[in-house]
Number of protein chains: 2
Amino acid sequence: MKRINSVATMAAIMKRKTRLILALDVISRAKALYLVQLLREYFDAIKIGYPLILSAGPWIVKDISCLAPVIADLKIADIPNTNKLICEAMLEKGALALIAHAFPGFDSLQACADCVRSYEAELFVVTQMSHPGAELFMAPLFQELTRLALEVDAAGVVAPATKPDRIKFIRSMIGSKTIISPGVGVQGGSPSAALAAGADYLIVGRSIIEADNPVSAVERLLSEIQ
Amino acid sequence: MKRINSVATMAAIMKRKTRLILALDVISRAKALYLVQLLREYFDAIKIGYPLILSAGPWIVKDISCLAPVIADLKIADIPNTNKLICEAMLEKGALALIAHAFPGFDSLQACADCVRSYEAELFVVTQMSHPGAELFMAPLFQELTRLALEVDAAGVVAPATKPDRIKFIRSMIGSKTIISPGVGVQGGSPSAALAAGADYLIVGRSIIEADNPVSAVERLLSEIQ
């Protein structure tokens, strides 16, 4: 099953123009659309999560996909068939990439990878998270989680900008696959350090969208990394 | 923040009348509403997941909550603040219970527990899943995942009916907290064995909703377990 009018995969669209992905961490439909229109020229993609989807409705993915490439950050973590249905629902609405967890295991992740591939879209796999709780179960498993991303031939992985050494290690494991890195800005990760360590894209949210002047904030960030 | 008109928690509503929870694994709004109206008298609660929510829209939770108690099975697995926003979105629409993963760690799970409590709703924590992939990372950690459910004082846990011994062990860990068990029917779990091992509620889906006569199917199941 292919998306009608599918013209390109995320890799083809995300040209490392600015190397920035906007984490659209708002729950208002109006604010979401305003921010995307205001900021889209500064970002290679827009990352949307469940808080917005559950407040504004899933069709927000369709609307924003008309304005910019969308990464649906759903941290998918269910059984294989449910994962497939979740992926389909988002890909049908125009998402060009999805983010899934690897901890539910190979078959669950494979279901995402297969579905995403059939839509010529891309899958990013969570290898590590930056909140303190992730140290308990996830951090000790980051190599195994990364290996699973390779096994299902995902487009890339998510690895936190707060840990450049970890990014460097993951880069050594995954070769030319894509690394997208949250944690820059409010969480304290250094943009230049994350990129130097091997991140392909930085995911930034609050430090831009909560700024008094979001355009100035993103222009400052761009001049810092370029 | 409390839900307006909140009259009772899930525990007060789910009276172990039939000890069955319907997994509403459909993606059509019309079919979902039809099945709930047809079957609600046979079930203590209706479990809704992302495939339906992403297809029919999040307001389906509101509509079904008018007909029966709703458990939103979102397998929540994000950072604390995102988890909180996801919980709020569902609780505001009337869900009386949520299902979250423990895998992302204490703070993420605590954010769900705190939010759910402020709405006088309930949290169930995934301790184990029944698909083959779960053997890789999750199965070896089931005791730690269960312990985390206790630490945040969740209402209960999800444990698969396909493994009665595991249910028995988890029952010994969690005392009088509630165990809800998927895996009966199509996945092969024995209803009586799961209940005898300590499950409080059986979650059944496909074996009922895909039956030629769903009412006969659920009546057969009820006569088997009562």
# chains A, B, ... in the order shown; residues from 1 in each chain; ligands from 1

call {"tool": "interface_residues", "arguments": {"of": "chain A", "to": "chain B", "cutoff": "8 Å", "atoms": "only C-alpha atoms", "output": "PDB file with all heavy atoms, in the first residue's frame"}}
result
ATOM      1  N   TYR A  50       2.445  13.001  20.450  1.00  0.00           N
ATOM      2  CA  TYR A  50       1.073  12.686  20.856  1.00  0.00           C
ATOM      3  C   TYR A  50       0.336  13.817  21.568  1.00  0.00           C
ATOM      4  O   TYR A  50      -0.879  13.946  21.400  1.00  0.00           O
ATOM      5  CB  TYR A  50       1.046  11.434  21.735  1.00  0.00           C
ATOM      6  CG  TYR A  50       0.956  10.157  20.949  1.00  0.00           C
ATOM      7  CD1 TYR A  50       1.793   9.083  21.217  1.00  0.00           C
ATOM      8  CD2 TYR A  50       0.002   9.998  19.946  1.00  0.00           C
ATOM      9  CE1 TYR A  50       1.703   7.900  20.503  1.00  0.00           C
ATOM     10  CE2 TYR A  50      -0.092   8.817  19.230  1.00  0.00           C
ATOM     11  CZ  TYR A  50       0.757   7.766  19.518  1.00  0.00           C
ATOM     12  OH  TYR A  50       0.652   6.608  18.811  1.00  0.00           O
ATOM     13  N   PRO A  51       1.009  14.632  22.402  1.00  0.00           N
ATOM     14  CA  PRO A  51       0.225  15.683  23.058  1.00  0.00           C
ATOM     15  C   PRO A  51      -0.533  16.557  22.052  1.00  0.00           C
ATOM     16  O   PRO A  51      -1.721  16.834  22.239  1.00  0.00           O
ATOM     17  CB  PRO A  51       1.292  16.476  23.829  1.00  0.00           C
ATOM     18  CG  PRO A  51       2.312  15.431  24.188  1.00  0.00           C
ATOM     19  CD  PRO A  51       2.381  14.562  22.945  1.00  0.00           C
ATOM     20  N   LEU A  54      -3.268  14.305  20.204  1.00  0.00           N
ATOM     21  CA  LEU A  54      -4.425  13.953  21.040  1.00  0.00           C
ATOM     22  C   LEU A  54      -5.272  15.186  21.382  1.00  0.00           C
ATOM     23  O   LEU A  54      -6.431  15.050  21.761  1.00  0.00           O
ATOM     24  CB  LEU A  54      -3.970  13.257  22.319  1.00  0.00           C
ATOM     25  CG  LEU A  54      -3.318  11.887  22.121  1.00  0.00           C
ATOM     26  CD1 LEU A  54      -2.849  11.325  23.454  1.00  0.00           C
ATOM     27  CD2 LEU A  54      -4.289  10.908  21.447  1.00  0.00           C
ATOM     28  N   SER A  55      -4.687  16.362  21.285  1.00  0.00           N
ATOM     29  CA  SER A  55      -5.456  17.575  21.563  1.00  0.00           C
ATOM     30  C   SER A  55      -6.091  18.130  20.295  1.00  0.00           C
ATOM     31  O   SER A  55      -7.273  18.467  20.280  1.00  0.00           O
ATOM     32  CB  SER A  55      -4.550  18.649  22.182  1.00  0.00           C
ATOM     33  OG  SER A  55      -4.044  18.204  23.420  1.00  0.00           O
ATOM     34  N   GLY A  57      -6.199  16.543  17.324  1.00  0.00           N
ATOM     35  CA  GLY A  57      -6.714  15.495  16.438  1.00  0.00           C
ATOM     36  C   GLY A  57      -5.645  15.044  15.462  1.00  0.00           C
ATOM     37  O   GLY A  57      -4.729  15.806  15.120  1.00  0.00           O
ATOM     38  N   PRO A  58      -5.722  13.793  14.994  1.00  0.00           N
ATOM     39  CA  PRO A  58      -4.658  13.235  14.143  1.00  0.00           C
ATOM     40  C   PRO A  58      -4.525  13.938  12.793  1.00  0.00           C
ATOM     41  O   PRO A  58      -3.483  13.852  12.156  1.00  0.00           O
ATOM     42  CB  PRO A  58      -5.076  11.770  13.963  1.00  0.00           C
ATOM     43  CG  PRO A  58      -6.534  11.729  14.284  1.00  0.00           C
ATOM     44  CD  PRO A  58      -6.786  12.816  15.286  1.00  0.00           C
ATOM     45  N   LYS A  75       6.975   7.379  19.667  1.00  0.00           N
ATOM     46  CA  LYS A  75       7.624   6.419  20.571  1.00  0.00           C
ATOM     47  C   LYS A  75       6.820   5.105  20.595  1.00  0.00           C
ATOM     48  O   LYS A  75       6.450   4.598  21.656  1.00  0.00           O
ATOM     49  CB  LYS A  75       7.761   6.995  21.971  1.00  0.00           C
ATOM     50  CG  LYS A  75       8.442   8.362  22.050  1.00  0.00           C
ATOM     51  CD  LYS A  75       9.895   8.286  22.384  1.00  0.00           C
ATOM     52  CE  LYS A  75      10.573   9.615  22.607  1.00  0.00           C
ATOM     53  NZ  LYS A  75       9.935  10.857  22.168  1.00  0.00           N
ATOM     54  N   ALA A  77       5.452   1.571  20.820  1.00  0.00           N
ATOM     55  CA  ALA A  77       5.966   0.535  21.729  1.00  0.00           C
ATOM     56  C   ALA A  77       4.903  -0.502  22.051  1.00  0.00           C
ATOM     57  O   ALA A  77       4.619  -0.788  23.205  1.00  0.00           O
ATOM     58  CB  ALA A  77       6.469   1.192  23.019  1.00  0.00           C
ATOM     59  N   ASP A  78       4.337  -1.088  21.000  1.00  0.00           N
ATOM     60  CA  ASP A  78       3.262  -2.066  21.237  1.00  0.00           C
ATOM     61  C   ASP A  78       3.594  -3.380  20.525  1.00  0.00           C
ATOM     62  O   ASP A  78       4.708  -3.553  20.024  1.00  0.00           O
ATOM     63  CB  ASP A  78       1.926  -1.470  20.768  1.00  0.00           C
ATOM     64  CG  ASP A  78       0.761  -1.914  21.633  1.00  0.00           C
ATOM     65  OD1 ASP A  78       0.619  -3.136  21.851  1.00  0.00           O
ATOM     66  OD2 ASP A  78      -0.005  -1.049  22.090  1.00  0.00           O
ATOM     67  N   ILE A  79       2.640  -4.281  20.477  1.00  0.00           N
ATOM     68  CA  ILE A  79       2.836  -5.546  19.769  1.00  0.00           C
ATOM     69  C   ILE A  79       2.882  -5.274  18.258  1.00  0.00           C
ATOM     70  O   ILE A  79       2.441  -4.220  17.808  1.00  0.00           O
ATOM     71  CB  ILE A  79       1.709  -6.559  20.099  1.00  0.00           C
ATOM     72  CG1 ILE A  79       0.332  -5.997  19.699  1.00  0.00           C
ATOM     73  CG2 ILE A  79       1.712  -6.872  21.593  1.00  0.00           C
ATOM     74  CD1 ILE A  79      -0.796  -7.018  19.795  1.00  0.00           C
ATOM     75  N   PRO A  80       3.421  -6.226  17.470  1.00  0.00           N
ATOM     76  CA  PRO A  80       3.638  -5.953  16.044  1.00  0.00           C
ATOM     77  C   PRO A  80       2.399  -5.448  15.298  1.00  0.00           C
ATOM     78  O   PRO A  80       2.478  -4.439  14.583  1.00  0.00           O
ATOM     79  CB  PRO A  80       4.116  -7.311  15.506  1.00  0.00           C
ATOM     80  CG  PRO A  80       4.806  -7.942  16.671  1.00  0.00           C
ATOM     81  CD  PRO A  80       4.009  -7.518  17.870  1.00  0.00           C
ATOM     82  N   THR A  82      -0.381  -3.994  16.320  1.00  0.00           N
ATOM     83  CA  THR A  82      -0.788  -2.653  16.753  1.00  0.00           C
ATOM     84  C   THR A  82       0.190  -1.607  16.224  1.00  0.00           C
ATOM     85  O   THR A  82      -0.209  -0.546  15.747  1.00  0.00           O
ATOM     86  CB  THR A  82      -0.873  -2.597  18.292  1.00  0.00           C
ATOM     87  OG1 THR A  82      -1.785  -3.609  18.723  1.00  0.00           O
ATOM     88  CG2 THR A  82      -1.340  -1.251  18.788  1.00  0.00           C
ATOM     89  N   LEU A  85      -0.611  -0.845  12.659  1.00  0.00           N
ATOM     90  CA  LEU A  85      -1.811  -0.015  12.508  1.00  0.00           C
ATOM     91  C   LEU A  85      -1.529   1.441  12.879  1.00  0.00           C
ATOM     92  O   LEU A  85      -2.054   2.371  12.252  1.00  0.00           O
ATOM     93  CB  LEU A  85      -2.956  -0.574  13.360  1.00  0.00           C
ATOM     94  CG  LEU A  85      -3.483  -1.947  12.924  1.00  0.00           C
ATOM     95  CD1 LEU A  85      -4.469  -2.494  13.959  1.00  0.00           C
ATOM     96  CD2 LEU A  85      -4.143  -1.868  11.555  1.00  0.00           C
ATOM     97  N   ILE A  86      -0.697   1.648  13.902  1.00  0.00           N
ATOM     98  CA  ILE A  86      -0.319   3.009  14.305  1.00  0.00           C
ATOM     99  C   ILE A  86       0.469   3.681  13.177  1.00  0.00           C
ATOM    100  O   ILE A  86       0.201   4.826  12.802  1.00  0.00           O
ATOM    101  CB  ILE A  86       0.502   2.974  15.612  1.00  0.00           C
ATOM    102  CG1 ILE A  86      -0.395   2.557  16.789  1.00  0.00           C
ATOM    103  CG2 ILE A  86       1.175   4.320  15.883  1.00  0.00           C
ATOM    104  CD1 ILE A  86       0.355   2.289  18.093  1.00  0.00           C
ATOM    105  N   ALA A  89      -1.785   4.607  10.215  1.00  0.00           N
ATOM    106  CA  ALA A  89      -2.648   5.768  10.479  1.00  0.00           C
ATOM    107  C   ALA A  89      -1.885   7.072  10.256  1.00  0.00           C
ATOM    108  O   ALA A  89      -2.430   8.041   9.731  1.00  0.00           O
ATOM    109  CB  ALA A  89      -3.207   5.703  11.898  1.00  0.00           C
ATOM    110  N   MET A  90      -0.618   7.086  10.659  1.00  0.00           N
ATOM    111  CA  MET A  90       0.184   8.310  10.510  1.00  0.00           C
ATOM    112  C   MET A  90       0.682   8.499   9.089  1.00  0.00           C
ATOM    113  O   MET A  90       0.724   9.620   8.567  1.00  0.00           O
ATOM    114  CB  MET A  90       1.374   8.261  11.476  1.00  0.00           C
ATOM    115  CG  MET A  90       1.003   8.469  12.914  1.00  0.00           C
ATOM    116  SD  MET A  90       0.435  10.179  13.257  1.00  0.00           S
ATOM    117  CE  MET A  90      -1.342  10.019  13.155  1.00  0.00           C
ATOM    118  N   PHE A 103      12.644  -1.228  22.552  1.00  0.00           N
ATOM    119  CA  PHE A 103      12.625  -2.159  23.689  1.00  0.00           C
ATOM    120  C   PHE A 103      11.540  -3.237  23.629  1.00  0.00           C
ATOM    121  O   PHE A 103      11.726  -4.296  24.199  1.00  0.00           O
ATOM    122  CB  PHE A 103      12.650  -1.420  25.038  1.00  0.00           C
ATOM    123  CG  PHE A 103      11.407  -0.682  25.418  1.00  0.00           C
ATOM    124  CD1 PHE A 103      10.298  -1.371  25.865  1.00  0.00           C
ATOM    125  CD2 PHE A 103      11.352   0.701  25.367  1.00  0.00           C
ATOM    126  CE1 PHE A 103       9.146  -0.691  26.223  1.00  0.00           C
ATOM    127  CE2 PHE A 103      10.201   1.388  25.727  1.00  0.00           C
ATOM    128  CZ  PHE A 103       9.099   0.675  26.152  1.00  0.00           C
ATOM    129  N   PRO A 104      10.407  -3.010  22.900  1.00  0.00           N
ATOM    130  CA  PRO A 104       9.461  -4.137  22.781  1.00  0.00           C
ATOM    131  C   PRO A 104       9.965  -5.279  21.896  1.00  0.00           C
ATOM    132  O   PRO A 104       9.281  -6.282  21.735  1.00  0.00           O
ATOM    133  CB  PRO A 104       8.197  -3.484  22.199  1.00  0.00           C
ATOM    134  CG  PRO A 104       8.305  -2.049  22.590  1.00  0.00           C
ATOM    135  CD  PRO A 104       9.784  -1.757  22.440  1.00  0.00           C
ATOM    136  N   GLY A 105      11.160  -5.125  21.308  1.00  0.00           N
ATOM    137  CA  GLY A 105      11.784  -6.252  20.626  1.00  0.00           C
ATOM    138  C   GLY A 105      11.725  -6.227  19.108  1.00  0.00           C
ATOM    139  O   GLY A 105      11.128  -5.332  18.495  1.00  0.00           O
ATOM    140  N   PHE A 106      12.360  -7.241  18.527  1.00  0.00           N
ATOM    141  CA  PHE A 106      12.575  -7.279  17.081  1.00  0.00           C
ATOM    142  C   PHE A 106      11.280  -7.251  16.276  1.00  0.00           C
ATOM    143  O   PHE A 106      11.133  -6.453  15.347  1.00  0.00           O
ATOM    144  CB  PHE A 106      13.396  -8.524  16.708  1.00  0.00           C
ATOM    145  CG  PHE A 106      13.611  -8.665  15.232  1.00  0.00           C
ATOM    146  CD1 PHE A 106      14.559  -7.888  14.575  1.00  0.00           C
ATOM    147  CD2 PHE A 106      12.844  -9.545  14.482  1.00  0.00           C
ATOM    148  CE1 PHE A 106      14.744  -7.994  13.206  1.00  0.00           C
ATOM    149  CE2 PHE A 106      13.018  -9.656  13.108  1.00  0.00           C
ATOM    150  CZ  PHE A 106      13.970  -8.880  12.472  1.00  0.00           C
ATOM    151  N   ASP A 107      10.337  -8.137  16.612  1.00  0.00           N
ATOM    152  CA  ASP A 107       9.136  -8.236  15.767  1.00  0.00           C
ATOM    153  C   ASP A 107       8.318  -6.943  15.771  1.00  0.00           C
ATOM    154  O   ASP A 107       7.779  -6.534  14.740  1.00  0.00           O
ATOM    155  CB  ASP A 107       8.279  -9.466  16.124  1.00  0.00           C
ATOM    156  CG  ASP A 107       7.992  -9.576  17.617  1.00  0.00           C
ATOM    157  OD1 ASP A 107       8.413  -8.680  18.386  1.00  0.00           O
ATOM    158  OD2 ASP A 107       7.356 -10.565  18.029  1.00  0.00           O
ATOM    159  N   SER A 108       8.256  -6.297  16.939  1.00  0.00           N
ATOM    160  CA  SER A 108       7.513  -5.037  17.029  1.00  0.00           C
ATOM    161  C   SER A 108       8.166  -3.961  16.165  1.00  0.00           C
ATOM    162  O   SER A 108       7.488  -3.220  15.443  1.00  0.00           O
ATOM    163  CB  SER A 108       7.449  -4.552  18.486  1.00  0.00           C
ATOM    164  OG  SER A 108       6.579  -5.367  19.228  1.00  0.00           O
ATOM    165  N   MET A 129      17.369   7.880  25.859  1.00  0.00           N
ATOM    166  CA  MET A 129      16.575   9.084  26.150  1.00  0.00           C
ATOM    167  C   MET A 129      17.331   9.923  27.176  1.00  0.00           C
ATOM    168  O   MET A 129      18.223   9.422  27.862  1.00  0.00           O
ATOM    169  CB  MET A 129      15.179   8.702  26.649  1.00  0.00           C
ATOM    170  CG  MET A 129      14.355   7.987  25.585  1.00  0.00           C
ATOM    171  SD  MET A 129      12.781   7.328  26.198  1.00  0.00           S
ATOM    172  CE  MET A 129      11.738   8.798  26.162  1.00  0.00           C
ATOM    173  N   HIS A 131      16.046  11.918  29.797  1.00  0.00           N
ATOM    174  CA  HIS A 131      15.521  12.180  31.143  1.00  0.00           C
ATOM    175  C   HIS A 131      16.205  11.234  32.136  1.00  0.00           C
ATOM    176  O   HIS A 131      16.680  10.159  31.760  1.00  0.00           O
ATOM    177  CB  HIS A 131      14.003  12.028  31.157  1.00  0.00           C
ATOM    178  CG  HIS A 131      13.525  10.639  30.850  1.00  0.00           C
ATOM    179  ND1 HIS A 131      13.666  10.060  29.607  1.00  0.00           N
ATOM    180  CD2 HIS A 131      12.942   9.696  31.629  1.00  0.00           C
ATOM    181  CE1 HIS A 131      13.172   8.836  29.647  1.00  0.00           C
ATOM    182  NE2 HIS A 131      12.728   8.587  30.856  1.00  0.00           N
ATOM    183  N   PRO A 132      16.252  11.624  33.417  1.00  0.00           N
ATOM    184  CA  PRO A 132      16.979  10.813  34.423  1.00  0.00           C
ATOM    185  C   PRO A 132      16.497   9.358  34.488  1.00  0.00           C
ATOM    186  O   PRO A 132      17.299   8.438  34.611  1.00  0.00           O
ATOM    187  CB  PRO A 132      16.686  11.546  35.739  1.00  0.00           C
ATOM    188  CG  PRO A 132      16.373  12.960  35.340  1.00  0.00           C
ATOM    189  CD  PRO A 132      15.722  12.886  33.995  1.00  0.00           C
ATOM    190  N   GLY A 133      15.183   9.148  34.389  1.00  0.00           N
ATOM    191  CA  GLY A 133      14.625   7.797  34.501  1.00  0.00           C
ATOM    192  C   GLY A 133      15.193   6.823  33.488  1.00  0.00           C
ATOM    193  O   GLY A 133      15.215   5.603  33.721  1.00  0.00           O
ATOM    194  N   ALA A 134      15.654   7.338  32.349  1.00  0.00           N
ATOM    195  CA  ALA A 134      16.167   6.462  31.289  1.00  0.00           C
ATOM    196  C   ALA A 134      17.441   5.735  31.692  1.00  0.00           C
ATOM    197  O   ALA A 134      17.846   4.761  31.047  1.00  0.00           O
ATOM    198  CB  ALA A 134      16.397   7.267  30.014  1.00  0.00           C
ATOM    199  N   GLU A 135      18.081   6.207  32.771  1.00  0.00           N
ATOM    200  CA  GLU A 135      19.312   5.538  33.236  1.00  0.00           C
ATOM    201  C   GLU A 135      19.030   4.127  33.760  1.00  0.00           C
ATOM    202  O   GLU A 135      19.905   3.277  33.766  1.00  0.00           O
ATOM    203  CB  GLU A 135      19.989   6.362  34.337  1.00  0.00           C
ATOM    204  CG  GLU A 135      20.538   7.692  33.855  1.00  0.00           C
ATOM    205  CD  GLU A 135      21.567   7.530  32.731  1.00  0.00           C
ATOM    206  OE1 GLU A 135      22.497   6.724  32.882  1.00  0.00           O
ATOM    207  OE2 GLU A 135      21.405   8.202  31.691  1.00  0.00           O
ATOM    208  N   LEU A 136      17.787   3.914  34.230  1.00  0.00           N
ATOM    209  CA  LEU A 136      17.468   2.662  34.917  1.00  0.00           C
ATOM    210  C   LEU A 136      17.517   1.443  34.000  1.00  0.00           C
ATOM    211  O   LEU A 136      18.291   0.517  34.209  1.00  0.00           O
ATOM    212  CB  LEU A 136      16.091   2.802  35.579  1.00  0.00           C
ATOM    213  CG  LEU A 136      15.630   1.666  36.496  1.00  0.00           C
ATOM    214  CD1 LEU A 136      16.607   1.438  37.629  1.00  0.00           C
ATOM    215  CD2 LEU A 136      14.233   1.978  37.059  1.00  0.00           C
ATOM    216  N   PHE A 137      16.664   1.436  32.970  1.00  0.00           N
ATOM    217  CA  PHE A 137      16.599   0.268  32.086  1.00  0.00           C
ATOM    218  C   PHE A 137      17.194   0.541  30.710  1.00  0.00           C
ATOM    219  O   PHE A 137      17.800  -0.338  30.102  1.00  0.00           O
ATOM    220  CB  PHE A 137      15.143  -0.182  31.886  1.00  0.00           C
ATOM    221  CG  PHE A 137      14.409  -0.507  33.153  1.00  0.00           C
ATOM    222  CD1 PHE A 137      13.220   0.136  33.468  1.00  0.00           C
ATOM    223  CD2 PHE A 137      14.890  -1.474  34.028  1.00  0.00           C
ATOM    224  CE1 PHE A 137      12.526  -0.166  34.626  1.00  0.00           C
ATOM    225  CE2 PHE A 137      14.201  -1.778  35.196  1.00  0.00           C
ATOM    226  CZ  PHE A 137      13.018  -1.125  35.505  1.00  0.00           C
ATOM    227  N   MET A 138      17.003   1.764  30.187  1.00  0.00           N
ATOM    228  CA  MET A 138      17.343   2.013  28.793  1.00  0.00           C
ATOM    229  C   MET A 138      18.835   2.259  28.566  1.00  0.00           C
ATOM    230  O   MET A 138      19.417   1.702  27.634  1.00  0.00           O
ATOM    231  CB  MET A 138      16.517   3.180  28.255  1.00  0.00           C
ATOM    232  CG  MET A 138      15.022   2.847  28.226  1.00  0.00           C
ATOM    233  SD  MET A 138      14.038   4.049  27.301  1.00  0.00           S
ATOM    234  CE  MET A 138      14.639   3.772  25.632  1.00  0.00           C
TER     235      MET A 138
END

call {"tool": "select_by_dssp", "arguments": {"residues": "range 58-143 of chain B", "states": "helix (DSSP H, G or I)", "output": "JSON, numbers by chain"}}
result
{"B": [60, 61, 62, 63, 64, 65, 80, 81, 82, 83, 84, 85, 86, 87, 88, 89, 90, 91, 92, 106, 107, 108, 109, 110, 111, 112, 113, 114, 115, 116, 117, 118, 132, 133, 134, 135, 139, 140, 141, 142, 143]}

call {"tool": "write_last_selection", "arguments": {"atoms": "N, CA and C atoms", "output": "tab-separated table (two decimals), in the first residue's frame"}}
result
chain	number	residue	atom	x	y	z
B	60	ILE	N	-13.24	9.95	20.10
B	60	ILE	CA	-13.89	8.64	20.25
B	60	ILE	C	-13.85	8.20	21.72
B	61	VAL	N	-12.80	8.63	22.43
B	61	VAL	CA	-12.69	8.27	23.85
B	61	VAL	C	-13.84	8.92	24.64
B	62	LYS	N	-14.16	10.15	24.27
B	62	LYS	CA	-15.26	10.86	24.91
B	62	LYS	C	-16.59	10.15	24.61
B	63	ASP	N	-16.78	9.79	23.37
B	63	ASP	CA	-18.05	9.17	22.98
B	63	ASP	C	-18.24	7.82	23.66
B	64	ILE	N	-17.18	7.02	23.67
B	64	ILE	CA	-17.33	5.69	24.28
B	64	ILE	C	-17.43	5.79	25.80
B	65	SER	N	-16.78	6.81	26.38
B	65	SER	CA	-16.88	7.01	27.83
B	65	SER	C	-18.32	7.29	28.27
B	80	PRO	N	8.94	12.51	31.10
B	80	PRO	CA	7.89	12.82	32.06
B	80	PRO	C	6.88	13.87	31.58
B	81	ASN	N	7.35	15.00	31.05
B	81	ASN	CA	6.40	16.05	30.69
B	81	ASN	C	5.47	15.63	29.55
B	82	THR	N	6.02	14.92	28.57
B	82	THR	CA	5.20	14.44	27.47
B	82	THR	C	4.18	13.42	27.98
B	83	ASN	N	4.63	12.53	28.86
B	83	ASN	CA	3.70	11.55	29.45
B	83	ASN	C	2.53	12.25	30.13
B	84	LYS	N	2.86	13.29	30.88
B	84	LYS	CA	1.82	14.04	31.59
B	84	LYS	C	0.80	14.63	30.60
B	85	LEU	N	1.30	15.20	29.52
B	85	LEU	CA	0.41	15.82	28.53
B	85	LEU	C	-0.47	14.77	27.84
B	86	ILE	N	0.11	13.60	27.58
B	86	ILE	CA	-0.66	12.51	26.97
B	86	ILE	C	-1.78	12.07	27.93
B	87	CYS	N	-1.42	11.88	29.19
B	87	CYS	CA	-2.43	11.47	30.19
B	87	CYS	C	-3.55	12.50	30.27
B	88	GLU	N	-3.17	13.77	30.37
B	88	GLU	CA	-4.19	14.83	30.49
B	88	GLU	C	-5.15	14.81	29.31
B	89	ALA	N	-4.60	14.66	28.10
B	89	ALA	CA	-5.45	14.68	26.90
B	89	ALA	C	-6.51	13.57	26.97
B	90	MET	N	-6.11	12.41	27.48
B	90	MET	CA	-7.05	11.28	27.53
B	90	MET	C	-8.02	11.40	28.71
B	91	LEU	N	-7.52	11.87	29.85
B	91	LEU	CA	-8.36	11.98	31.04
B	91	LEU	C	-9.41	13.08	30.85
B	92	GLU	N	-9.01	14.14	30.16
B	92	GLU	CA	-9.96	15.21	29.86
B	92	GLU	C	-11.10	14.71	28.96
B	106	PHE	N	11.51	5.55	36.32
B	106	PHE	CA	10.68	6.02	37.43
B	106	PHE	C	10.00	7.35	37.16
B	107	ASP	N	10.77	8.37	36.74
B	107	ASP	CA	10.18	9.71	36.60
B	107	ASP	C	9.08	9.75	35.54
B	108	SER	N	9.29	9.01	34.44
B	108	SER	CA	8.27	8.96	33.40
B	108	SER	C	6.98	8.32	33.91
B	109	LEU	N	7.14	7.22	34.66
B	109	LEU	CA	5.96	6.52	35.17
B	109	LEU	C	5.28	7.34	36.27
B	110	GLN	N	6.11	7.98	37.10
B	110	GLN	CA	5.57	8.82	38.18
B	110	GLN	C	4.73	9.96	37.60
B	111	ALA	N	5.17	10.51	36.48
B	111	ALA	CA	4.41	11.61	35.84
B	111	ALA	C	3.02	11.12	35.45
B	112	CYS	N	2.94	9.89	34.95
B	112	CYS	CA	1.62	9.31	34.63
B	112	CYS	C	0.81	9.10	35.90
B	113	ALA	N	1.44	8.51	36.91
B	113	ALA	CA	0.72	8.18	38.15
B	113	ALA	C	0.17	9.45	38.80
B	114	ASP	N	0.98	10.49	38.85
B	114	ASP	CA	0.54	11.75	39.47
B	114	ASP	C	-0.64	12.35	38.71
B	115	CYS	N	-0.52	12.35	37.39
B	115	CYS	CA	-1.57	12.96	36.57
B	115	CYS	C	-2.88	12.18	36.71
B	116	VAL	N	-2.77	10.87	36.60
B	116	VAL	CA	-3.95	10.00	36.70
B	116	VAL	C	-4.63	10.18	38.06
B	117	ARG	N	-3.83	10.29	39.10
B	117	ARG	CA	-4.37	10.45	40.46
B	117	ARG	C	-5.12	11.77	40.59
B	118	SER	N	-4.60	12.82	39.96
B	118	SER	CA	-5.24	14.12	40.09
B	118	SER	C	-6.61	14.14	39.40
B	132	PRO	N	6.46	-12.49	20.78
B	132	PRO	CA	7.80	-13.10	20.91
B	132	PRO	C	8.91	-12.08	21.19
B	133	GLY	N	8.85	-10.92	20.54
B	133	GLY	CA	9.89	-9.90	20.71
B	133	GLY	C	10.10	-9.47	22.14
B	134	ALA	N	9.06	-9.59	22.97
B	134	ALA	CA	9.15	-9.14	24.36
B	134	ALA	C	10.14	-9.97	25.18
B	135	GLU	N	10.51	-11.13	24.66
B	135	GLU	CA	11.46	-11.97	25.39
B	135	GLU	C	12.85	-11.33	25.47
B	139	ALA	N	11.06	-9.32	29.05
B	139	ALA	CA	10.82	-10.48	29.92
B	139	ALA	C	11.86	-10.59	31.04
B	140	PRO	N	13.15	-10.40	30.73
B	140	PRO	CA	14.15	-10.51	31.81
B	140	PRO	C	13.98	-9.45	32.90
B	141	LEU	N	13.25	-8.38	32.60
B	141	LEU	CA	13.11	-7.26	33.54
B	141	LEU	C	11.74	-7.24	34.23
B	142	PHE	N	10.94	-8.31	34.08
B	142	PHE	CA	9.54	-8.17	34.53
B	142	PHE	C	9.42	-7.88	36.02
B	143	GLN	N	10.34	-8.40	36.82
B	143	GLN	CA	10.25	-8.12	38.26
B	143	GLN	C	10.54	-6.65	38.56

call {"tool": "atom_distance", "arguments": {"atom1": "CA of Ile225 in chain A", "atom2": "CA of Leu150 in chain A"}}
result
28.6 Å

call {"tool": "closest_residue", "arguments": {"among": "A:Glu151, A:Ala199, A:Val186, A:Ala97", "to": "Lys163 in chain A", "atoms": "only C-alpha atoms"}}
result
A:Ala199

call {"tool": "select_by_dssp", "arguments": {"residues": "range 29-77 of chain B", "states": "strand (DSSP E or B)", "output": "PyMOL selection string"}}
result
chain B and resi 45-49+70-76

call {"tool": "atom_distance", "arguments": {"atom1": "CA of Val125 in chain A", "atom2": "CA of Ala194 in chain A"}}
result
17.8 Å

call {"tool": "atom_distance", "arguments": {"atom1": "CA of Leu35 in chain B", "atom2": "CA of Ile99 in chain B"}}
result
21.6 Å

call {"tool": "closest_residue", "arguments": {"among": "B:Arg171, B:Arg220, B:Arg166, B:Arg19", "to": "Gly198 in chain B", "atoms": "only C-alpha atoms"}}
result
B:Arg171
